[in-house]
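As stored in upload-v8.txt (compact mmCIF, C-alpha atoms and all ligand atoms):
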```txt
# COMPACT_ATOMS: atom_id res chain seq x y z
CA MET A 1 0.00 0.00 0.00
CA ALA A 2 1.24 3.50 -0.78
CA ILE A 3 -0.03 7.07 -0.52
CA LEU A 4 0.46 9.84 -3.05
CA VAL A 5 0.12 13.46 -1.95
CA LEU A 6 -1.23 15.78 -4.67
CA SER A 7 -2.05 18.76 -2.50
CA SER A 8 -1.20 21.53 -5.01
CA PRO A 9 -1.49 24.51 -4.66
CA LEU A 10 -0.72 23.66 -1.00
CA PRO A 11 2.85 22.41 -0.51
CA ALA A 12 3.01 18.61 -0.39
CA GLN A 13 6.04 18.22 1.87
CA PRO A 14 4.36 18.92 5.24
CA PHE A 15 1.74 16.24 4.48
CA VAL A 16 4.40 13.81 3.24
CA ASP A 17 6.44 14.38 6.42
CA ALA A 18 3.41 13.98 8.70
CA LEU A 19 2.31 10.74 6.97
CA ARG A 20 5.84 9.31 7.13
CA ALA A 21 6.16 10.21 10.81
CA LEU A 22 2.83 8.56 11.66
CA ALA A 23 3.29 5.48 9.48
CA PRO A 24 6.99 4.88 8.81
CA GLY A 25 6.22 1.52 7.16
CA ILE A 26 4.02 2.95 4.40
CA PRO A 27 5.56 4.44 1.23
CA VAL A 28 4.46 8.07 0.88
CA TRP A 29 5.24 10.08 -2.24
CA SER A 30 4.61 13.47 -3.72
CA GLU A 31 4.20 14.09 -7.45
CA ALA A 32 7.86 15.10 -7.71
CA ASP A 33 8.86 11.51 -6.78
CA ASP A 34 7.30 10.16 -10.00
CA PRO A 35 5.81 7.23 -8.05
CA PRO A 36 4.87 3.85 -9.55
CA ALA A 37 1.18 4.37 -10.31
CA GLU A 38 0.18 0.73 -9.71
CA LYS A 39 1.28 0.94 -6.05
CA VAL A 40 -0.86 3.95 -5.10
CA GLU A 41 -3.87 3.04 -2.96
CA ALA A 42 -4.65 6.46 -1.48
CA LEU A 43 -4.49 9.99 -2.88
CA LEU A 44 -4.37 12.93 -0.50
CA ALA A 45 -5.43 15.94 -2.57
CA TRP A 46 -7.02 19.37 -2.60
CA ARG A 47 -8.21 19.47 -6.19
CA LEU A 48 -8.07 16.99 -9.06
CA LYS A 49 -8.34 17.30 -12.80
CA PRO A 50 -10.33 14.74 -14.79
CA GLY A 51 -7.91 12.07 -15.99
CA THR A 52 -5.86 11.95 -12.79
CA VAL A 53 -7.69 9.20 -10.91
CA PRO A 54 -7.73 6.62 -13.77
CA ARG A 55 -3.92 6.70 -13.70
CA TYR A 56 -4.01 4.78 -10.40
CA PRO A 57 -5.62 1.36 -11.02
CA LYS A 58 -5.30 0.17 -7.37
CA LEU A 59 -6.76 3.33 -5.85
CA ARG A 60 -9.08 2.67 -2.89
CA VAL A 61 -9.55 6.07 -1.29
CA LEU A 62 -9.39 9.73 -2.22
CA CYS A 63 -8.84 11.97 0.82
CA SER A 64 -9.34 15.72 0.83
CA VAL A 65 -6.78 17.83 2.67
CA GLY A 66 -9.61 20.18 3.61
CA ALA A 67 -13.03 20.21 5.19
CA GLY A 68 -14.56 20.76 1.76
CA ALA A 69 -14.01 18.08 -0.87
CA GLU A 70 -15.94 19.43 -3.86
CA LYS A 71 -12.78 19.80 -5.96
CA LEU A 72 -12.21 16.03 -5.75
CA LEU A 73 -15.60 15.14 -7.17
CA VAL A 74 -14.49 14.82 -10.77
CA GLU A 75 -16.61 12.56 -12.96
CA ASP A 76 -14.04 9.83 -13.48
CA VAL A 77 -13.72 8.72 -9.83
CA PRO A 78 -14.92 5.08 -9.90
CA ASP A 79 -17.74 4.13 -7.51
CA HIS A 80 -15.55 1.71 -5.53
CA VAL A 81 -13.17 4.55 -4.55
CA SER A 82 -14.29 6.23 -1.31
CA VAL A 83 -13.98 10.00 -1.07
CA THR A 84 -13.37 11.43 2.39
CA ARG A 85 -12.95 14.89 3.84
CA VAL A 86 -11.29 16.19 6.99
CA VAL A 87 -13.50 16.60 10.03
CA ASP A 88 -11.64 18.45 12.75
CA PRO A 89 -13.55 19.93 15.70
CA LEU A 90 -10.69 22.38 16.29
CA GLN A 91 -11.04 23.64 12.74
CA ALA A 92 -14.76 24.30 13.24
CA GLN A 93 -13.94 26.17 16.46
CA GLU A 94 -11.32 28.30 14.69
CA ILE A 95 -13.76 29.21 11.92
CA ALA A 96 -16.26 30.22 14.61
CA GLN A 97 -13.58 32.49 16.14
CA TYR A 98 -12.98 34.07 12.74
CA VAL A 99 -16.69 34.68 12.16
CA LEU A 100 -17.07 36.16 15.62
CA ALA A 101 -14.05 38.43 15.16
CA CYS A 102 -15.31 39.71 11.79
CA THR A 103 -18.84 40.21 13.05
CA LEU A 104 -17.79 42.13 16.15
CA ARG A 105 -15.42 44.24 14.06
CA PHE A 106 -18.44 45.50 12.15
CA THR A 107 -21.09 45.54 14.86
CA ARG A 108 -18.80 47.26 17.40
CA GLU A 109 -17.64 49.77 14.73
CA LEU A 110 -13.94 49.01 15.08
CA PRO A 111 -12.99 50.41 11.63
CA LEU A 112 -14.70 53.68 12.61
CA TYR A 113 -12.80 53.86 15.91
CA GLU A 114 -9.53 53.01 14.16
CA GLN A 115 -10.10 55.95 11.82
CA GLN A 116 -10.90 58.21 14.77
CA GLN A 117 -7.77 57.07 16.57
CA SER A 118 -5.66 57.99 13.53
CA ARG A 119 -7.01 61.56 13.98
CA ALA A 120 -6.62 61.48 17.80
CA GLU A 121 -10.37 62.01 17.93
CA TRP A 122 -12.25 61.14 21.16
CA ARG A 123 -15.82 60.61 20.02
CA ARG A 124 -18.28 58.10 21.47
CA HIS A 125 -21.09 56.50 19.46
CA PRO A 126 -23.97 54.54 20.93
CA VAL A 127 -23.37 50.79 21.05
CA ARG A 128 -25.52 48.97 18.54
CA PRO A 129 -27.92 46.78 20.54
CA ALA A 130 -27.77 43.03 20.09
CA SER A 131 -31.36 43.15 18.81
CA ARG A 132 -30.01 44.96 15.71
CA CYS A 133 -27.32 42.34 15.15
CA ARG A 134 -29.42 39.34 14.21
CA VAL A 135 -27.19 36.61 12.87
CA GLY A 136 -28.34 34.37 10.01
CA LEU A 137 -26.34 31.24 9.24
CA LEU A 138 -26.47 29.56 5.86
CA GLY A 139 -25.78 25.97 6.83
CA LEU A 140 -25.79 24.28 10.21
CA GLY A 141 -23.22 21.54 9.75
CA ALA A 142 -20.19 21.14 12.01
CA VAL A 143 -19.00 24.68 11.21
CA GLY A 144 -22.44 26.32 11.40
CA GLN A 145 -23.06 24.66 14.76
CA ALA A 146 -19.72 25.89 16.13
CA VAL A 147 -20.60 29.42 14.96
CA ALA A 148 -24.06 29.19 16.59
CA ARG A 149 -22.46 28.07 19.87
CA ALA A 150 -19.95 30.93 19.74
CA PHE A 151 -22.70 33.55 19.35
CA ALA A 152 -25.06 32.06 21.95
CA PRO A 153 -23.57 33.72 25.09
CA LEU A 154 -23.32 37.18 23.44
CA GLY A 155 -27.03 37.91 23.29
CA TYR A 156 -27.30 37.89 19.50
CA GLU A 157 -30.33 36.20 18.03
CA VAL A 158 -29.21 33.35 15.77
CA SER A 159 -31.21 31.76 12.94
CA ALA A 160 -30.09 29.21 10.40
CA TRP A 161 -31.12 27.98 6.99
CA VAL A 162 -30.69 24.25 6.46
CA ARG A 163 -31.50 21.83 3.68
CA ARG A 164 -33.63 19.60 5.87
CA GLY A 165 -35.56 21.17 8.76
CA ARG A 166 -34.44 20.13 12.24
CA GLU A 167 -34.43 21.47 15.77
CA TRP A 168 -31.35 23.12 17.20
CA PRO A 169 -31.29 24.56 20.74
CA GLY A 170 -31.36 28.36 20.75
CA VAL A 171 -31.43 28.64 16.94
CA GLN A 172 -34.51 29.33 14.85
CA VAL A 173 -34.23 27.04 11.85
CA PHE A 174 -35.61 27.66 8.35
CA SER A 175 -35.55 25.58 5.21
CA GLY A 176 -36.79 25.71 1.62
CA THR A 177 -36.91 28.76 -0.62
CA ASP A 178 -39.50 30.53 1.47
CA GLY A 179 -37.41 29.77 4.58
CA LEU A 180 -34.35 31.25 2.89
CA HIS A 181 -36.23 34.47 2.16
CA ARG A 182 -37.46 34.68 5.75
CA LEU A 183 -33.96 34.10 7.09
CA LEU A 184 -32.46 36.75 4.80
CA ALA A 185 -35.05 39.32 5.84
CA ARG A 186 -33.96 38.94 9.47
CA SER A 187 -30.17 38.69 9.04
CA ASP A 188 -28.18 41.79 9.91
CA ILE A 189 -25.13 39.54 9.70
CA LEU A 190 -25.29 36.79 7.09
CA VAL A 191 -22.72 34.02 7.54
CA CYS A 192 -22.19 31.50 4.75
CA THR A 193 -20.86 28.13 5.96
CA LEU A 194 -22.43 26.05 3.18
CA PRO A 195 -20.67 23.35 1.22
CA LEU A 196 -20.32 24.10 -2.50
CA THR A 197 -22.78 22.07 -4.56
CA ALA A 198 -24.69 22.59 -7.80
CA ASP A 199 -27.53 24.04 -5.66
CA THR A 200 -25.43 26.47 -3.65
CA ARG A 201 -23.08 27.76 -6.38
CA GLY A 202 -23.89 31.43 -7.03
CA LEU A 203 -26.52 31.49 -4.27
CA LEU A 204 -25.20 34.81 -2.98
CA ASP A 205 -26.17 36.92 -5.97
CA ALA A 206 -27.77 40.35 -6.16
CA ALA A 207 -31.30 38.95 -5.77
CA THR A 208 -30.36 37.11 -2.58
CA LEU A 209 -28.24 39.88 -1.08
CA ARG A 210 -30.93 42.47 -1.75
CA ARG A 211 -33.27 40.55 0.56
CA LEU A 212 -30.98 41.35 3.52
CA PRO A 213 -31.95 44.36 5.62
CA ARG A 214 -30.24 47.60 4.58
CA GLY A 215 -26.91 47.92 6.37
CA ALA A 216 -26.36 44.15 6.63
CA VAL A 217 -22.93 42.55 6.56
CA LEU A 218 -21.89 39.36 4.75
CA VAL A 219 -19.30 36.96 6.19
CA ASN A 220 -18.27 34.23 3.74
CA VAL A 221 -16.33 31.25 5.08
CA GLY A 222 -17.96 28.78 2.68
CA ARG A 223 -16.55 28.89 -0.82
CA GLY A 224 -15.79 31.79 -3.13
CA GLU A 225 -18.10 30.30 -5.75
CA HIS A 226 -21.11 30.82 -3.48
CA LEU A 227 -20.80 34.53 -4.05
CA VAL A 228 -21.22 36.50 -7.27
CA GLU A 229 -18.47 38.98 -6.48
CA ALA A 230 -19.65 41.61 -8.99
CA ASP A 231 -23.10 41.57 -7.35
CA LEU A 232 -21.54 42.08 -3.93
CA ARG A 233 -19.71 45.12 -5.23
CA LEU A 234 -22.95 46.55 -6.62
CA LEU A 235 -24.74 46.17 -3.29
CA LEU A 236 -21.82 47.61 -1.32
CA ASP A 237 -21.57 50.60 -3.66
CA GLU A 238 -25.32 51.17 -3.51
CA GLY A 239 -25.02 51.23 0.28
CA HIS A 240 -27.43 48.33 0.68
CA LEU A 241 -24.71 46.29 2.39
CA ALA A 242 -22.50 47.90 5.02
CA GLY A 243 -19.62 45.49 4.61
CA ALA A 244 -18.31 42.06 3.85
CA ALA A 245 -15.67 39.84 5.39
CA LEU A 246 -14.44 37.33 2.83
CA ASP A 247 -12.06 34.47 3.52
CA VAL A 248 -12.78 32.63 0.26
CA PHE A 249 -12.87 33.87 -3.34
CA GLU A 250 -13.99 32.81 -6.81
CA ARG A 251 -10.30 32.68 -7.73
CA GLU A 252 -7.73 32.18 -4.98
CA PRO A 253 -5.77 34.32 -4.69
CA PRO A 254 -7.73 37.09 -6.41
CA LYS A 255 -5.61 38.91 -9.01
CA PRO A 256 -3.68 41.88 -7.53
CA GLU A 257 -5.84 44.29 -9.55
CA HIS A 258 -9.12 42.77 -8.29
CA TRP A 259 -11.38 45.44 -6.75
CA ILE A 260 -11.95 43.25 -3.72
CA TRP A 261 -8.46 43.96 -2.30
CA ARG A 262 -9.09 47.67 -2.11
CA HIS A 263 -12.78 48.12 -1.41
CA PRO A 264 -13.10 50.19 1.78
CA ARG A 265 -15.92 48.04 3.11
CA VAL A 266 -14.37 44.65 2.44
CA LEU A 267 -12.15 42.72 4.79
CA ALA A 268 -10.33 40.16 2.62
CA THR A 269 -8.27 37.36 4.20
CA PRO A 270 -6.37 34.55 2.41
CA HIS A 271 -8.49 31.46 3.30
CA ILE A 272 -7.15 31.40 6.84
CA ALA A 273 -10.36 31.17 8.89
CA ALA A 274 -9.01 27.79 9.91
CA GLN A 275 -6.59 25.19 8.76
CA ALA A 276 -6.86 21.58 9.86
CA SER A 277 -3.58 20.53 11.42
CA THR A 278 -1.29 18.56 9.10
CA GLU A 279 -1.17 15.74 11.66
CA THR A 280 -4.98 15.49 11.73
CA VAL A 281 -5.14 15.44 7.93
CA ALA A 282 -2.44 12.75 7.81
CA GLN A 283 -4.01 10.63 10.55
CA GLN A 284 -7.45 10.77 8.95
CA CYS A 285 -5.95 9.79 5.59
CA LEU A 286 -4.19 6.78 7.15
CA ASP A 287 -7.39 5.76 8.96
CA ALA A 288 -9.39 6.09 5.73
CA LEU A 289 -6.90 3.92 3.85
CA GLN A 290 -6.95 1.26 6.55
CA ARG A 291 -10.76 1.26 6.61
CA ALA A 292 -10.90 1.00 2.82
CA ARG A 293 -8.55 -2.00 2.94
CA ASP A 294 -10.67 -3.60 5.70
CA GLY A 295 -13.91 -2.92 3.79
CA LEU A 296 -15.27 -0.76 6.62
CA PRO A 297 -17.51 2.31 6.20
CA GLN A 298 -15.80 5.70 6.21
CA PRO A 299 -16.89 8.01 9.06
CA HIS A 300 -15.97 11.10 7.02
CA ALA A 301 -17.26 9.93 3.66
CA VAL A 302 -18.42 12.50 1.13
CA ASP A 303 -21.91 11.78 -0.19
CA ARG A 304 -21.22 12.15 -3.89
CA ARG A 305 -24.86 12.63 -4.81
CA ALA A 306 -25.31 15.43 -2.27
CA GLY A 307 -21.90 16.85 -3.24
CA TYR A 308 -20.47 17.16 0.31
C1 LIG A 401 -11.47 24.06 3.42
C2 LIG A 401 -10.42 23.97 4.43
O1 LIG A 401 -12.06 23.03 3.06
O2 LIG A 401 -9.69 24.98 4.61
O3 LIG A 401 -11.73 25.18 2.98
O4 LIG A 401 -10.28 22.93 5.07
```
Starting from the coordinates I provided, produce the structure as structure tokens.
Amino acid sequence: MAILVLSSPLPAQPFVDALRALAPGIPVWSEADDPPAEKVEALLAWRLKPGTVPRYPKLRVLCSVGAGAEKLLVEDVPDHVSVTRVVDPLQAQEIAQYVLACTLRFTRELPLYEQQQSRAEWRRHPVRPASRCRVGLLGLGAVGQAVARAFAPLGYEVSAWVRRGREWPGVQVFSGTDGLHRLLARSDILVCTLPLTADTRGLLDAATLRRLPRGAVLVNVGRGEHLVEADLRLLLDEGHLAGAALDVFEREPPKPEHWIWRHPRVLATPHIAAQASTETVAQQCLDALQRARDGLPQPHAVDRRAGY
């Protein structure tokens, strides 16, 4: 059994080192090693092009290096190959910290006070009450739940939109198209934690964003492709949206000339809301390979029909 790391554009070496340290008896290669294709039983990857998987006839498992695995779902992955993603409770907690930090930055007017400080200006503004900071979550998976838990003690009302209705303590849950519209109408802060699927691609377009209350803020920690970036710009420039915190982009990194880097109401960060630790990624890949060899179900399997 052997593992091939194809983590580009992320550097492969840290994953190779972590896998070798955890399982010294298993051959681990990166692309640069030009490995013998017939020995590869597991691929650890971030994105794959069609044509890659059929090169490895003994492949059993395809492991994502990230929480999202949509870039591995190319059409030529045979049915007998399991696709898994990383599930790391620490990662969900770190994303929740990021969302909280971005939200409070806007709701507690930190950019305004930073500007005042640069002018040595002592000027107090009323604190925006929690009732005017209603938080709407798109998605209530592991990340959405961590975000909901982080907001709970702060007095902000939290609602969520989910694919299938379910109860969640302290969170008002909506589903369906009508539910989405109701959630948007009551979200002063809209947080996208959705997986990227055919149904969610482009969901955050002008029509959706316009349903938010005037002055709302968008926080996107899902995928760049959820958002139609040109539509966001329109709504920011019209003043309908007060701001956006974006950790993911249609193209990563955005080109240096992209408007998003310089817009005064955008906080743009380089996909750092959270990173699963290399050891966790490596351990989960080894576990997935062992389970695939033993014919056991994968706890972190991607449902290919659902797309996540
Ligand atoms: C992701 C990750 O899937 O960073 O975006 O893990």
Looking at all atoms listed in the file, which of A:Ala96, A:Leu44, A:Leu209, A:Val221 is the one that sits closest to ligand LIG 401 (chain A)?
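Ranking A:Ala96, A:Leu44, A:Leu209, A:Val221 by distance to ligand LIG 401 (chain A), first place goes to A:Val221.
Straight-line separation from atom CA of Val99 of chain A to atom CA of Trp122 of chain A: 28.3 Å.
Atom to atom, atom CA of Glu41 of chain A and atom CA of Tyr56 of chain A stand 7.6 Å apart.
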As a PyMOL selection string, please: the residues near Pro11 of chain A (cut-off 12 Å, all atoms listed in the file, same-chain neighbours under 3 positions excluded).
chain A and resi 5-8+14-17+30-32+44-46+65+278
Can you tell me which residues sit at most 7 Å away from ligand LIG 401 (chain A), counting only C-alpha atoms and all ligand atoms, written as an mmCIF file with C-alpha atoms, in the coordinates of the input?
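pocket.cif written:
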```
data_model
loop_
_atom_site.group_PDB
_atom_site.id
_atom_site.type_symbol
_atom_site.label_atom_id
_atom_site.label_comp_id
_atom_site.auth_asym_id
_atom_site.auth_seq_id
_atom_site.Cartn_x
_atom_site.Cartn_y
_atom_site.Cartn_z
ATOM 1 C CA VAL A 65 -6.780 17.830 2.670
ATOM 2 C CA GLY A 66 -9.610 20.180 3.610
ATOM 3 C CA ALA A 67 -13.030 20.210 5.190
ATOM 4 C CA GLY A 68 -14.560 20.760 1.760
ATOM 5 C CA ALA A 69 -14.010 18.080 -0.870
ATOM 6 C CA HIS A 271 -8.490 31.460 3.300
ATOM 7 C CA ALA A 274 -9.010 27.790 9.910
ATOM 8 C CA GLN A 275 -6.590 25.190 8.760
ATOM 9 C CA ALA A 276 -6.860 21.580 9.860
#
```
